[in-house]
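K.L.:
Structure: final_10.txt, compact mmCIF, N, CA and C atoms.
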```
# COMPACT_ATOMS: atom_id res chain seq x y z
N MET A 1 -16.60 13.39 -105.61
CA MET A 1 -17.15 14.72 -105.74
C MET A 1 -18.51 14.74 -105.03
N LEU A 2 -18.75 15.79 -104.30
CA LEU A 2 -20.01 15.96 -103.59
C LEU A 2 -20.63 17.28 -104.01
N ILE A 3 -21.87 17.23 -104.45
CA ILE A 3 -22.60 18.44 -104.84
C ILE A 3 -23.83 18.52 -103.95
N GLN A 4 -23.95 19.61 -103.26
CA GLN A 4 -25.14 19.86 -102.46
C GLN A 4 -25.88 21.03 -103.06
N GLN A 5 -27.19 20.93 -103.07
CA GLN A 5 -28.00 21.94 -103.73
C GLN A 5 -29.27 22.14 -102.96
N SER A 6 -29.69 23.37 -102.85
CA SER A 6 -30.96 23.70 -102.21
C SER A 6 -31.75 24.57 -103.17
N ILE A 7 -32.95 24.15 -103.50
CA ILE A 7 -33.78 24.88 -104.46
C ILE A 7 -35.13 25.15 -103.82
N VAL A 8 -35.56 26.40 -103.86
CA VAL A 8 -36.88 26.79 -103.37
C VAL A 8 -37.63 27.40 -104.54
N ILE A 9 -38.77 26.82 -104.87
CA ILE A 9 -39.58 27.30 -105.99
C ILE A 9 -40.89 27.81 -105.42
N GLN A 10 -41.12 29.10 -105.62
CA GLN A 10 -42.37 29.70 -105.14
C GLN A 10 -43.50 29.45 -106.13
N GLN A 11 -43.19 29.54 -107.40
CA GLN A 11 -44.22 29.32 -108.43
C GLN A 11 -43.53 28.85 -109.70
N ILE A 12 -44.12 27.87 -110.37
CA ILE A 12 -43.62 27.41 -111.65
C ILE A 12 -44.79 27.33 -112.61
N ARG A 13 -44.58 27.83 -113.81
CA ARG A 13 -45.63 27.80 -114.82
C ARG A 13 -45.08 27.07 -116.04
N ILE A 14 -45.78 26.05 -116.46
CA ILE A 14 -45.40 25.28 -117.64
C ILE A 14 -46.50 25.45 -118.66
N GLY A 15 -46.13 25.99 -119.82
CA GLY A 15 -47.12 26.30 -120.85
C GLY A 15 -47.77 25.07 -121.44
N SER A 16 -46.99 24.06 -121.76
CA SER A 16 -47.55 22.83 -122.32
C SER A 16 -46.58 21.69 -122.10
N ILE A 17 -47.10 20.50 -122.11
CA ILE A 17 -46.31 19.28 -121.95
C ILE A 17 -46.69 18.34 -123.07
N SER A 18 -45.71 17.74 -123.69
CA SER A 18 -45.98 16.71 -124.69
C SER A 18 -45.29 15.43 -124.25
N ASN A 19 -45.40 14.41 -125.05
CA ASN A 19 -44.84 13.13 -124.64
C ASN A 19 -43.32 13.09 -124.76
N ALA A 20 -42.70 14.16 -125.24
CA ALA A 20 -41.25 14.20 -125.31
C ALA A 20 -40.68 15.38 -124.51
N SER A 21 -41.45 15.88 -123.56
CA SER A 21 -41.02 17.04 -122.79
C SER A 21 -40.15 16.62 -121.61
N ILE A 22 -39.23 17.50 -121.26
CA ILE A 22 -38.37 17.30 -120.10
C ILE A 22 -38.42 18.57 -119.26
N VAL A 23 -38.70 18.42 -117.99
CA VAL A 23 -38.62 19.53 -117.05
C VAL A 23 -37.51 19.17 -116.07
N GLN A 24 -36.51 20.03 -116.02
CA GLN A 24 -35.38 19.76 -115.14
C GLN A 24 -35.22 20.89 -114.16
N ILE A 25 -35.13 20.56 -112.90
CA ILE A 25 -34.85 21.53 -111.85
C ILE A 25 -33.63 21.01 -111.12
N GLY A 26 -32.57 21.77 -111.14
CA GLY A 26 -31.34 21.33 -110.48
C GLY A 26 -30.31 20.93 -111.51
N THR A 27 -29.38 20.09 -111.10
CA THR A 27 -28.29 19.68 -111.98
C THR A 27 -28.30 18.16 -112.13
N THR A 28 -27.61 17.72 -113.14
CA THR A 28 -27.44 16.29 -113.36
C THR A 28 -26.04 16.05 -113.89
N GLY A 29 -25.50 14.92 -113.58
CA GLY A 29 -24.16 14.61 -114.06
C GLY A 29 -24.18 14.09 -115.48
N THR A 30 -25.03 13.14 -115.78
CA THR A 30 -25.07 12.52 -117.09
C THR A 30 -26.51 12.19 -117.46
N TRP A 31 -26.86 12.51 -118.71
CA TRP A 31 -28.16 12.09 -119.24
C TRP A 31 -27.98 10.76 -119.94
N GLN A 32 -28.84 9.83 -119.66
CA GLN A 32 -28.85 8.56 -120.38
C GLN A 32 -30.23 8.37 -120.97
N ALA A 33 -30.28 8.19 -122.28
CA ALA A 33 -31.55 8.00 -122.95
C ALA A 33 -32.16 6.66 -122.56
N TYR A 34 -33.47 6.63 -122.44
CA TYR A 34 -34.16 5.40 -122.09
C TYR A 34 -35.51 5.39 -122.80
N ALA A 35 -35.80 4.33 -123.47
CA ALA A 35 -37.09 4.16 -124.12
C ALA A 35 -37.54 2.72 -123.89
N ASP A 36 -38.82 2.55 -123.65
CA ASP A 36 -39.35 1.23 -123.37
C ASP A 36 -40.67 1.08 -124.11
N LEU A 37 -40.82 0.01 -124.85
CA LEU A 37 -42.03 -0.24 -125.61
C LEU A 37 -42.65 -1.53 -125.08
N ASN A 38 -43.87 -1.43 -124.59
CA ASN A 38 -44.55 -2.59 -124.02
C ASN A 38 -45.85 -2.86 -124.75
N ASN A 39 -46.13 -4.09 -125.00
CA ASN A 39 -47.39 -4.50 -125.62
C ASN A 39 -48.37 -4.84 -124.49
N THR A 40 -48.86 -3.80 -123.83
CA THR A 40 -49.74 -4.03 -122.68
C THR A 40 -51.13 -4.51 -123.09
N GLY A 41 -51.50 -4.31 -124.36
CA GLY A 41 -52.82 -4.76 -124.82
C GLY A 41 -52.80 -6.15 -125.43
N GLN A 42 -51.63 -6.80 -125.42
CA GLN A 42 -51.47 -8.14 -125.98
C GLN A 42 -51.89 -8.20 -127.45
N PHE A 43 -51.57 -7.13 -128.22
CA PHE A 43 -51.89 -7.11 -129.65
C PHE A 43 -50.98 -8.10 -130.38
N LYS A 44 -51.52 -8.72 -131.43
CA LYS A 44 -50.78 -9.76 -132.13
C LYS A 44 -50.40 -9.36 -133.55
N GLY A 45 -50.88 -8.21 -134.03
CA GLY A 45 -50.57 -7.80 -135.40
C GLY A 45 -50.48 -6.30 -135.53
N VAL A 46 -50.20 -5.86 -136.75
CA VAL A 46 -50.09 -4.44 -137.03
C VAL A 46 -51.49 -3.85 -137.15
N LEU A 47 -51.69 -2.67 -136.57
CA LEU A 47 -53.00 -2.01 -136.64
C LEU A 47 -53.20 -1.36 -137.99
N ASP A 48 -54.45 -1.27 -138.43
CA ASP A 48 -54.79 -0.57 -139.66
C ASP A 48 -54.62 0.93 -139.43
N GLN A 49 -54.43 1.67 -140.53
CA GLN A 49 -54.35 3.11 -140.43
C GLN A 49 -55.72 3.66 -140.01
N PRO A 50 -55.74 4.61 -139.08
CA PRO A 50 -57.04 5.16 -138.64
C PRO A 50 -57.69 5.99 -139.73
N GLU A 51 -59.00 6.00 -139.72
CA GLU A 51 -59.76 6.83 -140.64
C GLU A 51 -60.26 8.05 -139.88
N PHE A 52 -60.06 9.23 -140.46
CA PHE A 52 -60.46 10.46 -139.81
C PHE A 52 -61.72 11.00 -140.47
N ASP A 53 -62.69 11.41 -139.64
CA ASP A 53 -63.90 12.03 -140.16
C ASP A 53 -63.67 13.51 -140.46
N ALA A 54 -62.77 14.14 -139.72
CA ALA A 54 -62.50 15.57 -139.89
C ALA A 54 -61.16 15.74 -140.61
N PRO A 55 -61.00 16.85 -141.31
CA PRO A 55 -59.70 17.07 -141.98
C PRO A 55 -58.60 17.30 -140.94
N ILE A 56 -57.39 16.93 -141.29
CA ILE A 56 -56.25 17.15 -140.42
C ILE A 56 -55.78 18.59 -140.62
N VAL A 57 -55.66 19.32 -139.53
CA VAL A 57 -55.29 20.73 -139.58
C VAL A 57 -53.80 20.86 -139.25
N PRO A 58 -52.99 21.47 -140.13
CA PRO A 58 -51.58 21.63 -139.82
C PRO A 58 -51.39 22.63 -138.67
N LEU A 59 -50.41 22.36 -137.82
CA LEU A 59 -50.12 23.24 -136.70
C LEU A 59 -49.15 24.33 -137.12
N ALA A 60 -49.25 25.47 -136.47
CA ALA A 60 -48.33 26.57 -136.72
C ALA A 60 -46.97 26.21 -136.12
N PRO A 61 -45.87 26.70 -136.70
CA PRO A 61 -44.57 26.42 -136.12
C PRO A 61 -44.47 27.04 -134.73
N PRO A 62 -43.69 26.43 -133.84
CA PRO A 62 -43.60 26.98 -132.48
C PRO A 62 -42.90 28.34 -132.49
N SER A 63 -43.35 29.21 -131.59
CA SER A 63 -42.75 30.53 -131.49
C SER A 63 -41.72 30.52 -130.37
N MET A 64 -40.63 31.18 -130.60
CA MET A 64 -39.54 31.22 -129.60
C MET A 64 -39.53 32.56 -128.92
```
Here is the file; what I need is its structure written in the form of structure tokens.

P.N.:
Amino acid sequence: MLIQQSIVIQQIRIGSISNASIVQIGTTGTWQAYADLNNTGQFKGVLDQPEFDAPIVPLAPPSM
């Protein structure tokens, strides 16, 4: 099977990006999940829970 595609984008606006966001332009045959965890800081133990000076503010639910 051969799929040819031509896409011209004049302007794209992305409201926000998080660490689990996906932006897809075009088509794909199959999605394969991939996750990789690396100890780049050479940590040897579990970190303590962080202490916050300010109160944690709950976020509003996302609007659709």

K.L.:
Quick one: distance from CA of Phe52 (chain A) to CA of Ser16 (chain A) in Å, one decimal?

P.N.:
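According to the coordinates, CA of Phe52 (chain A) and CA of Ser16 (chain A) are separated by 25.0 Å.
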
K.L.:
Kindly give the distance, in Å, that separates atom N of Val57 (chain A) and CA of Ser18 (chain A), rounded to a single decimal.

P.N.:
17.9 Å

K.L.:
Report, in Å to a single decimal, how far apart atom C of Ile7 (chain A) and atom C of Gly26 (chain A) are.

P.N.:
10.0 Å

K.L.:
Taking the point (-44.8, 24.9, -124.4) as given in the file, collect each protein or nucleic acid residue that comes within 10 Å of it, counting only C-alpha atoms, and present the set as a VMD selection string.

P.N.:
chain A and resid 14 to 18 21 62 to 64

K.L.:
Take every atom of region 36-51 of chain A listed in the file, fit an axis-aligned box around them, add 8 Å per side, and give the centre and edge lengths in Å to one decimal as AutoDock Vina command-line options.

P.N.:
```
--center_x -49.5 --center_y -0.9 --center_z -131.7 --size_x 37.4 --size_y 33.8 --size_z 34.0
```
